[in-house]
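Structure file model.cif; described as mmCIF, C-alpha atoms.
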```cif
data_input
loop_
_atom_site.label_atom_id
_atom_site.label_comp_id
_atom_site.auth_asym_id
_atom_site.auth_seq_id
_atom_site.Cartn_x
_atom_site.Cartn_y
_atom_site.Cartn_z
CA MET A 3 108.35 112.34 101.08
CA THR A 4 106.86 111.98 104.54
CA PHE A 5 104.97 108.89 105.69
CA PRO A 6 101.55 110.62 105.97
CA ARG A 7 101.94 112.22 102.52
CA LEU A 8 102.93 108.91 100.90
CA ALA A 9 100.05 107.14 102.65
CA TYR A 10 97.63 109.81 101.43
CA LEU A 11 98.85 109.54 97.81
CA LEU A 12 98.72 105.73 97.88
CA SER A 13 95.24 105.92 99.34
CA ARG A 14 94.09 108.09 96.40
CA LEU A 15 95.80 105.69 93.97
CA ALA A 16 94.03 102.71 95.55
CA TYR A 17 90.63 104.45 95.23
CA LEU A 18 91.44 105.24 91.58
CA SER A 19 92.52 101.64 90.91
CA ALA A 20 89.29 100.31 92.44
CA ALA A 21 87.25 102.66 90.24
CA VAL A 22 89.23 101.74 87.10
CA LEU A 23 88.85 98.02 87.87
CA ALA A 24 85.09 98.28 88.43
CA LEU A 25 84.50 100.50 85.41
CA GLY A 26 86.79 98.35 83.26
CA TRP A 27 84.80 95.26 84.17
CA MET A 28 81.53 97.04 83.34
CA PHE A 29 82.96 98.14 80.00
CA LEU A 30 84.18 94.62 79.17
CA VAL A 31 80.73 93.21 79.89
CA ALA A 32 78.94 95.86 77.85
CA GLN A 33 81.41 95.98 74.95
CA PRO A 34 80.34 92.79 73.07
CA LEU A 35 76.71 93.92 73.24
CA LEU A 36 77.12 97.65 72.58
CA PHE A 37 80.33 97.88 70.53
CA PRO A 38 80.95 94.40 69.10
CA GLY A 39 83.57 95.56 66.62
CA LEU A 40 85.57 97.70 69.06
CA ILE A 41 87.97 95.10 70.42
CA ALA A 42 88.85 92.02 68.40
CA PRO A 43 89.33 88.81 70.36
CA GLU A 44 92.91 87.50 70.51
CA ILE A 45 91.96 84.54 68.31
CA PRO A 46 89.12 85.27 65.88
CA ALA A 47 86.30 82.93 66.74
CA GLU A 48 85.76 82.06 63.10
CA ALA A 49 89.38 80.94 62.79
CA ALA A 50 88.87 78.52 65.64
CA GLY A 51 85.91 77.04 63.80
CA MET A 52 83.26 78.44 66.09
CA VAL A 53 80.98 81.44 66.24
CA VAL A 54 80.79 83.20 69.58
CA HIS A 55 77.50 84.91 70.32
CA PRO A 56 77.92 88.47 71.74
CA LEU A 57 75.77 87.48 74.69
CA ALA A 58 78.13 84.58 75.40
CA TYR A 59 81.04 87.04 75.30
CA ALA A 60 79.25 89.33 77.73
CA ALA A 61 78.32 86.43 80.02
CA SER A 62 81.87 85.07 80.05
CA ARG A 63 83.14 88.50 81.05
CA ALA A 64 80.32 89.10 83.52
CA VAL A 65 81.32 86.01 85.47
CA LEU A 66 84.70 87.66 86.09
CA VAL A 67 82.86 89.69 88.74
CA LEU A 68 83.71 86.79 91.05
CA VAL A 69 87.38 87.81 90.98
CA VAL A 70 86.91 91.53 90.29
CA ALA A 71 84.61 92.14 93.27
CA PRO A 72 87.07 90.83 95.91
CA ALA A 73 89.87 92.81 94.21
CA VAL A 74 87.79 96.02 94.34
CA CYS A 75 86.89 95.26 97.95
CA ALA A 76 90.58 94.75 98.84
CA LEU A 77 91.55 98.02 97.11
CA ILE A 78 88.85 100.01 98.93
CA HIS A 79 89.99 98.62 102.28
CA ALA A 80 93.62 99.35 101.31
CA ALA A 81 92.62 102.93 100.48
CA GLN A 82 90.81 103.33 103.82
CA LEU A 83 93.75 101.77 105.66
CA MET A 84 96.24 104.16 104.07
CA HIS A 85 93.92 107.13 104.62
CA GLY A 86 94.00 106.19 108.29
CA PHE A 87 97.82 105.96 108.15
CA ALA A 88 97.88 109.47 106.67
CA ARG A 89 95.92 110.68 109.72
CA GLY A 90 98.38 108.95 112.07
CA GLU A 91 96.09 106.01 112.88
CA VAL A 92 98.59 103.17 112.56
CA LEU A 93 98.23 100.83 115.52
CA THR A 94 94.44 100.82 115.83
CA GLU A 95 91.65 98.26 115.80
CA THR A 96 90.35 99.91 112.60
CA ALA A 97 93.69 99.39 110.81
CA ALA A 98 93.73 95.75 111.93
CA ARG A 99 90.18 95.29 110.62
CA HIS A 100 91.10 96.77 107.21
CA VAL A 101 94.20 94.55 106.88
CA ARG A 102 92.15 91.49 107.90
CA ARG A 103 89.52 92.30 105.27
CA ILE A 104 92.18 92.78 102.58
CA GLY A 105 93.56 89.35 103.50
CA VAL A 106 90.11 87.75 103.38
CA ALA A 107 89.39 89.41 100.00
CA ILE A 108 92.67 88.07 98.58
CA LEU A 109 91.87 84.57 99.88
CA VAL A 110 88.33 84.72 98.47
CA ARG A 111 89.73 85.88 95.13
CA ALA A 112 92.23 83.00 95.18
CA ALA A 113 89.49 80.49 95.96
CA LEU A 114 87.33 81.79 93.10
CA MET A 115 90.14 82.12 90.53
CA VAL A 116 89.94 78.56 89.15
CA PRO A 117 86.12 78.17 89.03
CA THR A 118 85.80 81.65 87.49
CA GLN A 119 88.20 80.85 84.65
CA THR A 120 86.41 77.55 84.08
CA ALA A 121 83.00 79.25 84.03
CA ALA A 122 84.25 82.03 81.73
CA VAL A 123 85.51 79.58 79.12
CA ALA A 124 82.41 77.41 79.44
CA LEU A 125 80.11 80.42 78.96
CA LEU A 126 82.15 81.66 76.02
CA THR A 127 81.66 78.41 74.16
CA ILE A 128 78.23 77.42 75.45
CA THR A 129 76.49 78.46 72.21
CA ASN A 130 78.78 76.24 70.13
CA PRO A 131 77.54 72.99 68.71
CA ALA A 132 78.25 69.79 70.60
CA GLY A 133 81.90 68.86 70.43
CA LYS A 134 83.02 72.49 70.14
CA ARG A 135 82.28 73.48 73.72
CA LEU A 136 85.23 73.88 76.03
CA LEU A 137 85.76 73.31 79.71
CA SER A 138 89.13 74.41 80.99
CA VAL A 139 90.60 73.93 84.45
CA GLY A 140 93.91 75.56 85.19
CA VAL A 141 95.92 76.08 88.36
CA SER A 142 98.92 78.39 88.41
CA SER A 143 101.50 79.50 90.94
CA ASP A 144 99.57 82.80 91.18
CA LEU A 145 96.95 80.92 93.18
CA LEU A 146 99.50 79.69 95.71
CA GLU A 147 101.05 83.15 95.95
CA ALA A 148 97.64 84.69 96.60
CA VAL A 149 96.94 82.14 99.35
CA VAL A 150 100.30 82.88 100.99
CA TYR A 151 99.85 86.68 100.78
CA GLY A 152 96.24 86.49 101.97
CA GLY A 153 97.25 84.35 104.94
CA LEU A 154 100.18 86.64 105.68
CA LEU A 155 97.84 89.64 105.80
CA LEU A 156 95.62 87.82 108.30
CA LEU A 157 98.69 87.31 110.50
CA ILE A 158 99.73 90.96 110.11
CA ALA A 159 96.18 91.99 111.08
CA ALA A 160 96.48 89.90 114.25
CA ALA A 161 99.88 91.53 114.98
CA ILE A 162 98.42 95.04 114.47
CA GLN A 163 95.54 94.14 116.78
CA THR A 164 98.03 93.09 119.49
CA GLY A 165 99.93 96.34 118.91
CA ALA A 166 96.69 98.34 119.08
CA ARG A 167 95.83 96.79 122.45
CA ALA A 168 99.32 97.59 123.76
CA ALA A 169 99.07 101.18 122.45
CA ALA A 170 95.64 101.63 124.06
CA GLU A 171 96.98 100.33 127.36
CA ASN A 172 100.05 102.55 127.10
CA ALA A 173 97.80 105.57 126.52
CA GLU A 174 96.23 104.96 129.94
CA PHE A 175 99.60 105.55 131.62
CA VAL A 176 100.78 109.08 132.32
CA MET B 3 94.31 97.39 148.42
CA GLN B 4 93.82 100.53 146.40
CA ILE B 5 96.40 103.14 145.52
CA VAL B 6 95.27 106.70 146.15
CA VAL B 7 97.05 109.65 144.54
CA ARG B 8 97.73 112.51 146.98
CA LEU B 9 98.97 114.91 144.35
CA ASP B 10 96.39 117.59 145.17
CA VAL B 11 97.62 117.61 148.80
CA MET B 12 101.25 118.09 147.71
CA LEU B 13 100.25 120.79 145.23
CA ALA B 14 98.42 122.65 148.01
CA ARG B 15 101.43 122.29 150.34
CA ARG B 16 103.78 123.66 147.71
CA LYS B 17 101.24 126.29 146.66
CA MET B 18 101.65 125.27 143.06
CA ARG B 19 98.98 125.24 140.40
CA SER B 20 98.23 122.20 138.25
CA ARG B 21 99.02 124.12 135.09
CA GLU B 22 102.47 125.08 136.36
CA LEU B 23 103.26 121.52 137.41
CA ALA B 24 102.04 120.17 134.07
CA GLU B 25 104.32 122.60 132.24
CA ARG B 26 107.30 121.75 134.45
CA ILE B 27 107.00 117.99 134.08
CA GLY B 28 106.02 118.08 130.41
CA ILE B 29 102.59 116.44 130.42
CA THR B 30 99.23 117.89 129.47
CA GLU B 31 97.03 119.50 132.08
CA ALA B 32 94.30 117.03 131.11
CA ASN B 33 96.56 114.07 131.91
CA LEU B 34 97.64 115.67 135.18
CA SER B 35 93.99 116.16 136.06
CA LEU B 36 93.32 112.47 135.36
CA LEU B 37 96.29 111.55 137.54
CA LYS B 38 95.03 113.76 140.39
CA ALA B 39 91.62 112.11 140.13
CA GLY B 40 93.22 108.65 140.15
CA LYS B 41 91.61 107.86 136.83
CA VAL B 42 94.74 106.43 135.20
CA LYS B 43 95.90 102.84 134.99
CA GLY B 44 99.45 103.66 135.98
CA VAL B 45 102.17 106.25 136.38
CA ARG B 46 105.50 105.99 134.59
CA PHE B 47 108.59 106.19 136.84
CA GLU B 48 109.72 109.01 134.57
CA THR B 49 106.57 111.05 135.35
CA LEU B 50 106.77 110.20 139.04
CA ALA B 51 110.40 111.29 139.19
CA ALA B 52 109.58 114.57 137.42
CA ILE B 53 106.71 115.29 139.83
CA CYS B 54 108.92 114.48 142.85
CA GLU B 55 111.60 116.80 141.51
CA ALA B 56 109.15 119.63 140.83
CA LEU B 57 107.38 119.30 144.20
CA GLU B 58 110.53 118.38 146.14
CA CYS B 59 108.97 115.31 147.66
CA GLN B 60 109.19 111.52 147.73
CA PRO B 61 106.91 109.07 145.85
CA GLY B 62 105.48 108.06 149.20
CA ASP B 63 104.22 111.63 149.66
CA LEU B 64 102.18 111.30 146.47
CA LEU B 65 100.88 107.74 146.72
CA GLU B 66 99.07 106.00 149.53
CA ALA B 67 97.84 102.41 149.82
CA LEU B 68 94.40 102.07 151.42
CA PRO B 69 92.29 98.96 152.11
CA GLU B 70 89.77 98.20 149.36
CA GLY B 71 86.48 100.01 149.92
CA GLN B 72 87.91 102.66 152.26
CA ARG B 73 87.16 106.15 151.04
CA PRO B 74 90.30 108.15 150.27
#
```
Now that the file is in, can you turn its structure into structure tokens?
Amino acid sequence: MTFPRLAYLLSRLAYLSAAVLALGWMFLVAQPLLFPGLIAPEIPAEAAGMVVHPLAYAASRAVLVLVVAPAVCALIHAAQLMHGFARGEVLTETAARHVRRIGVAILVRAALMVPTQTAAVALLTITNPAGKRLLSVGVSSDLLEAVVYGGLLLLIAAAIQTGARAAAENAEFV
Amino acid sequence: MQIVVRLDVMLARRKMRSRELAERIGITEANLSLLKAGKVKGVRFETLAAICEALECQPGDLLEALPEGQRP
């Protein structure tokens, strides 16, 4: 498979992934309110000694927008970047901008990962009586990985920008 | 100092058209036109050598250094 063809296919896949992610989030938010019996929670709320209000379910899922939105943003920029690759636009300022924005989106997502999880659990249990409400704070190696990859993409964007300047200068020579 | 390209003079001396030269040296006519007009940042040695070979001349026949501000 040629480079432009692969880039084109990956670009389509990235657009599809962004759409699936956005629609999936919308469905997850709407599901407790519209179809409460469709998906059972992993641990039945009653078994844990608490009753979760559907609105609390929806709110806890709605807050996930804080990590879903940067992911969708990163995927859209990845799709645009690869669409540009498919057209032969590799060392350009536009490509550098897309890579930089993917890096920023990954870093934003990493920064919001912990508070989002905390908020989701807090919202899920907010309707519980006192003593049954939960506040969870968790840090995993995923966070560190995301920070490293996000930072790496910022460096790659800077490298592409340097390459783009060199390519533009080279184009002025005959 | 400014570098002035005298390619049009050499083309006239050799009675060669721009299109023919472009074909012989393997660059586009548009790029050759930019070179003739001096609207390029630089010329590769490879291009210069090809032009010299096609026009049977020396680089000095194609390029001239003039004081800044002097009209070519």
- Message: Set the distance at 12 Å and use all atoms listed in the file: which residues neighbour Leu36 in chain B once local chain neighbours fewer than 4 positions away are removed? I'd like the list as a PyMOL selection string.
- Response: (chain A and resi 174-176) or (chain B and resi 7+9-10+20+24+29-32+40-45)
Check: Excluding same-chain residues fewer than 5 positions from Leu50 in chain B, what lies within 9 Å of it counting all atoms listed in the file, as a list of chain:residue names?
Finding: B:Val45, B:Glu55, B:Pro61, B:Leu64
Take the PyMOL selection byres ((chain B and resi 26) around 12), run it mentally on this structure, and tell me the resulting residues as JSON, numbers by chain.
{"B": [18, 19, 20, 21, 22, 23, 24, 25, 27, 28, 29, 30, 31, 34, 49, 51, 52, 53, 54, 55, 56, 57]}
List the neighbours of Gly105 in chain A out to 9 Å using all atoms listed in the file; skip same-chain residues closer than 3 positions along the sequence, and give me the result as a PDB file with C-alpha atoms, in the coordinates of the input.
```pdb
ATOM      1  CA  ALA A  76      90.580  94.750  98.840  1.00  0.00           C
ATOM      2  CA  HIS A 100      91.100  96.770 107.210  1.00  0.00           C
ATOM      3  CA  VAL A 101      94.200  94.550 106.880  1.00  0.00           C
ATOM      4  CA  ARG A 102      92.150  91.490 107.900  1.00  0.00           C
ATOM      5  CA  ILE A 108      92.670  88.070  98.580  1.00  0.00           C
ATOM      6  CA  LEU A 109      91.870  84.570  99.880  1.00  0.00           C
ATOM      7  CA  VAL A 110      88.330  84.720  98.470  1.00  0.00           C
ATOM      8  CA  VAL A 149      96.940  82.140  99.350  1.00  0.00           C
ATOM      9  CA  TYR A 151      99.850  86.680 100.780  1.00  0.00           C
ATOM     10  CA  GLY A 152      96.240  86.490 101.970  1.00  0.00           C
ATOM     11  CA  GLY A 153      97.250  84.350 104.940  1.00  0.00           C
ATOM     12  CA  LEU A 154     100.180  86.640 105.680  1.00  0.00           C
ATOM     13  CA  LEU A 155      97.840  89.640 105.800  1.00  0.00           C
ATOM     14  CA  LEU A 156      95.620  87.820 108.300  1.00  0.00           C
ATOM     15  CA  LEU A 157      98.690  87.310 110.500  1.00  0.00           C
ATOM     16  CA  ALA A 159      96.180  91.990 111.080  1.00  0.00           C
TER      17      ALA A 159
END
```
Please list as a PDB file with C-alpha atoms, keeping the file's coordinate frame every residue within 10 Å of Gln119 in chain A, counting all atoms listed in the file and excluding residues in the same chain fewer than 6 positions away.
```pdb
ATOM      1  CA  SER A  62      81.870  85.070  80.050  1.00  0.00           C
ATOM      2  CA  ARG A  63      83.140  88.500  81.050  1.00  0.00           C
ATOM      3  CA  VAL A  65      81.320  86.010  85.470  1.00  0.00           C
ATOM      4  CA  LEU A  66      84.700  87.660  86.090  1.00  0.00           C
ATOM      5  CA  LEU A  68      83.710  86.790  91.050  1.00  0.00           C
ATOM      6  CA  VAL A  69      87.380  87.810  90.980  1.00  0.00           C
ATOM      7  CA  LEU A 125      80.110  80.420  78.960  1.00  0.00           C
ATOM      8  CA  LEU A 137      85.760  73.310  79.710  1.00  0.00           C
ATOM      9  CA  SER A 138      89.130  74.410  80.990  1.00  0.00           C
ATOM     10  CA  VAL A 139      90.600  73.930  84.450  1.00  0.00           C
ATOM     11  CA  GLY A 140      93.910  75.560  85.190  1.00  0.00           C
ATOM     12  CA  VAL A 141      95.920  76.080  88.360  1.00  0.00           C
TER      13      VAL A 141
END
```
In terms of all atoms listed in the file, the residue from A:Leu40, A:Ala80, A:Ala73, A:Met28 at minimal distance from Ala9 in chain A is A:Ala80
Self-check item: Selection dump of the PyMOL selection byres ((chain A and resi 55-61) around 12), as an MDAnalysis selection string
Solution: chainID A and resid 27:39 41:43 47:48 52:54 62:67 118 121:130 135
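Counting only C-alpha atoms and comparing B:Lys38, B:Lys17, B:Arg46, B:Arg73, the residue that lies closest to Gln4 in chain B is B:Arg73.
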A straight line from CA of Ala168 in chain A to CA of Arg99 in chain A spans 16.2 Å
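CA of Ala20 in chain A is found 6.5 Å from CA of Ile78 in chain A.
Of the listed residues B:Leu13, B:Leu65, B:Cys59, B:Leu37, the one whose atoms come nearest to chain A is B:Leu37, with distances taken using all atoms listed in the file.
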Can I get range 28-60 of chain B with N, CA and C atoms filled in, as an mmCIF file, in the coordinates of the input?
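So rebuild17.cif came out as:
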```
data_model
loop_
_atom_site.group_PDB
_atom_site.id
_atom_site.type_symbol
_atom_site.label_atom_id
_atom_site.label_comp_id
_atom_site.auth_asym_id
_atom_site.auth_seq_id
_atom_site.Cartn_x
_atom_site.Cartn_y
_atom_site.Cartn_z
ATOM 1 N N GLY B 28 106.173 118.393 131.838
ATOM 2 C CA GLY B 28 106.020 118.080 130.410
ATOM 3 C C GLY B 28 104.887 117.129 130.072
ATOM 4 N N ILE B 29 103.779 117.194 130.839
ATOM 5 C CA ILE B 29 102.590 116.440 130.420
ATOM 6 C C ILE B 29 101.420 117.424 130.293
ATOM 7 N N THR B 30 100.356 116.975 129.670
ATOM 8 C CA THR B 30 99.230 117.890 129.470
ATOM 9 C C THR B 30 98.482 118.076 130.787
ATOM 10 N N GLU B 31 97.804 119.210 130.872
ATOM 11 C CA GLU B 31 97.030 119.500 132.080
ATOM 12 C C GLU B 31 95.902 118.470 132.235
ATOM 13 N N ALA B 32 95.387 118.018 131.083
ATOM 14 C CA ALA B 32 94.300 117.030 131.110
ATOM 15 C C ALA B 32 94.792 115.731 131.740
ATOM 16 N N ASN B 33 96.003 115.311 131.355
ATOM 17 C CA ASN B 33 96.560 114.070 131.910
ATOM 18 C C ASN B 33 96.868 114.236 133.397
ATOM 19 N N LEU B 34 97.340 115.418 133.770
ATOM 20 C CA LEU B 34 97.640 115.670 135.180
ATOM 21 C C LEU B 34 96.346 115.638 135.999
ATOM 22 N N SER B 35 95.294 116.170 135.395
ATOM 23 C CA SER B 35 93.990 116.160 136.060
ATOM 24 C C SER B 35 93.500 114.729 136.266
ATOM 25 N N LEU B 36 93.707 113.885 135.238
ATOM 26 C CA LEU B 36 93.320 112.470 135.360
ATOM 27 C C LEU B 36 94.132 111.786 136.450
ATOM 28 N N LEU B 37 95.413 112.137 136.532
ATOM 29 C CA LEU B 37 96.290 111.550 137.540
ATOM 30 C C LEU B 37 95.829 111.964 138.948
ATOM 31 N N LYS B 38 95.492 113.256 139.087
ATOM 32 C CA LYS B 38 95.030 113.760 140.390
ATOM 33 C C LYS B 38 93.757 113.047 140.835
ATOM 34 N N ALA B 39 92.899 112.752 139.825
ATOM 35 C CA ALA B 39 91.620 112.110 140.130
ATOM 36 C C ALA B 39 91.769 110.589 140.279
ATOM 37 N N GLY B 40 92.978 110.095 140.040
ATOM 38 C CA GLY B 40 93.220 108.650 140.150
ATOM 39 C C GLY B 40 92.560 107.859 139.034
ATOM 40 N N LYS B 41 92.315 108.538 137.930
ATOM 41 C CA LYS B 41 91.610 107.860 136.830
ATOM 42 C C LYS B 41 92.569 107.341 135.749
ATOM 43 N N VAL B 42 93.777 106.996 136.162
ATOM 44 C CA VAL B 42 94.740 106.430 135.200
ATOM 45 C C VAL B 42 95.094 105.016 135.655
ATOM 46 N N LYS B 43 95.553 104.226 134.675
ATOM 47 C CA LYS B 43 95.900 102.840 134.990
ATOM 48 C C LYS B 43 97.249 102.748 135.702
ATOM 49 N N GLY B 44 98.117 103.696 135.381
ATOM 50 C CA GLY B 44 99.450 103.660 135.980
ATOM 51 C C GLY B 44 100.197 104.955 135.771
ATOM 52 N N VAL B 45 101.300 105.076 136.506
ATOM 53 C CA VAL B 45 102.170 106.250 136.380
ATOM 54 C C VAL B 45 103.556 105.758 136.000
ATOM 55 N N ARG B 46 104.133 106.370 134.980
ATOM 56 C CA ARG B 46 105.500 105.990 134.590
ATOM 57 C C ARG B 46 106.472 106.502 135.658
ATOM 58 N N PHE B 47 107.551 105.743 135.891
ATOM 59 C CA PHE B 47 108.590 106.190 136.840
ATOM 60 C C PHE B 47 109.115 107.550 136.421
ATOM 61 N N GLU B 48 109.208 107.755 135.126
ATOM 62 C CA GLU B 48 109.720 109.010 134.570
ATOM 63 C C GLU B 48 108.837 110.193 135.019
ATOM 64 N N THR B 49 107.520 109.998 134.939
ATOM 65 C CA THR B 49 106.570 111.050 135.350
ATOM 66 C C THR B 49 106.648 111.265 136.857
ATOM 67 N N LEU B 50 106.718 110.125 137.574
ATOM 68 C CA LEU B 50 106.770 110.200 139.040
ATOM 69 C C LEU B 50 108.028 110.949 139.491
ATOM 70 N N ALA B 51 109.133 110.634 138.841
ATOM 71 C CA ALA B 51 110.400 111.290 139.190
ATOM 72 C C ALA B 51 110.328 112.791 138.913
ATOM 73 N N ALA B 52 109.701 113.149 137.782
ATOM 74 C CA ALA B 52 109.580 114.570 137.420
ATOM 75 C C ALA B 52 108.700 115.307 138.423
ATOM 76 N N ILE B 53 107.619 114.656 138.848
ATOM 77 C CA ILE B 53 106.710 115.290 139.830
ATOM 78 C C ILE B 53 107.449 115.466 141.162
ATOM 79 N N CYS B 54 108.169 114.403 141.579
ATOM 80 C CA CYS B 54 108.920 114.480 142.850
ATOM 81 C C CYS B 54 109.949 115.606 142.811
ATOM 82 N N GLU B 55 110.589 115.743 141.646
ATOM 83 C CA GLU B 55 111.600 116.800 141.510
ATOM 84 C C GLU B 55 110.959 118.181 141.580
ATOM 85 N N ALA B 56 109.821 118.321 140.874
ATOM 86 C CA ALA B 56 109.150 119.630 140.830
ATOM 87 C C ALA B 56 108.555 120.009 142.176
ATOM 88 N N LEU B 57 108.042 119.000 142.912
ATOM 89 C CA LEU B 57 107.380 119.300 144.200
ATOM 90 C C LEU B 57 108.305 119.074 145.396
ATOM 91 N N GLU B 58 109.536 118.654 145.086
ATOM 92 C CA GLU B 58 110.530 118.380 146.140
ATOM 93 C C GLU B 58 109.951 117.464 147.207
ATOM 94 N N CYS B 59 109.557 116.287 146.744
ATOM 95 C CA CYS B 59 108.970 115.310 147.660
ATOM 96 C C CYS B 59 109.381 113.900 147.264
ATOM 97 N N GLN B 60 108.901 112.924 148.012
ATOM 98 C CA GLN B 60 109.190 111.520 147.730
ATOM 99 C C GLN B 60 107.930 110.862 147.124
#
```
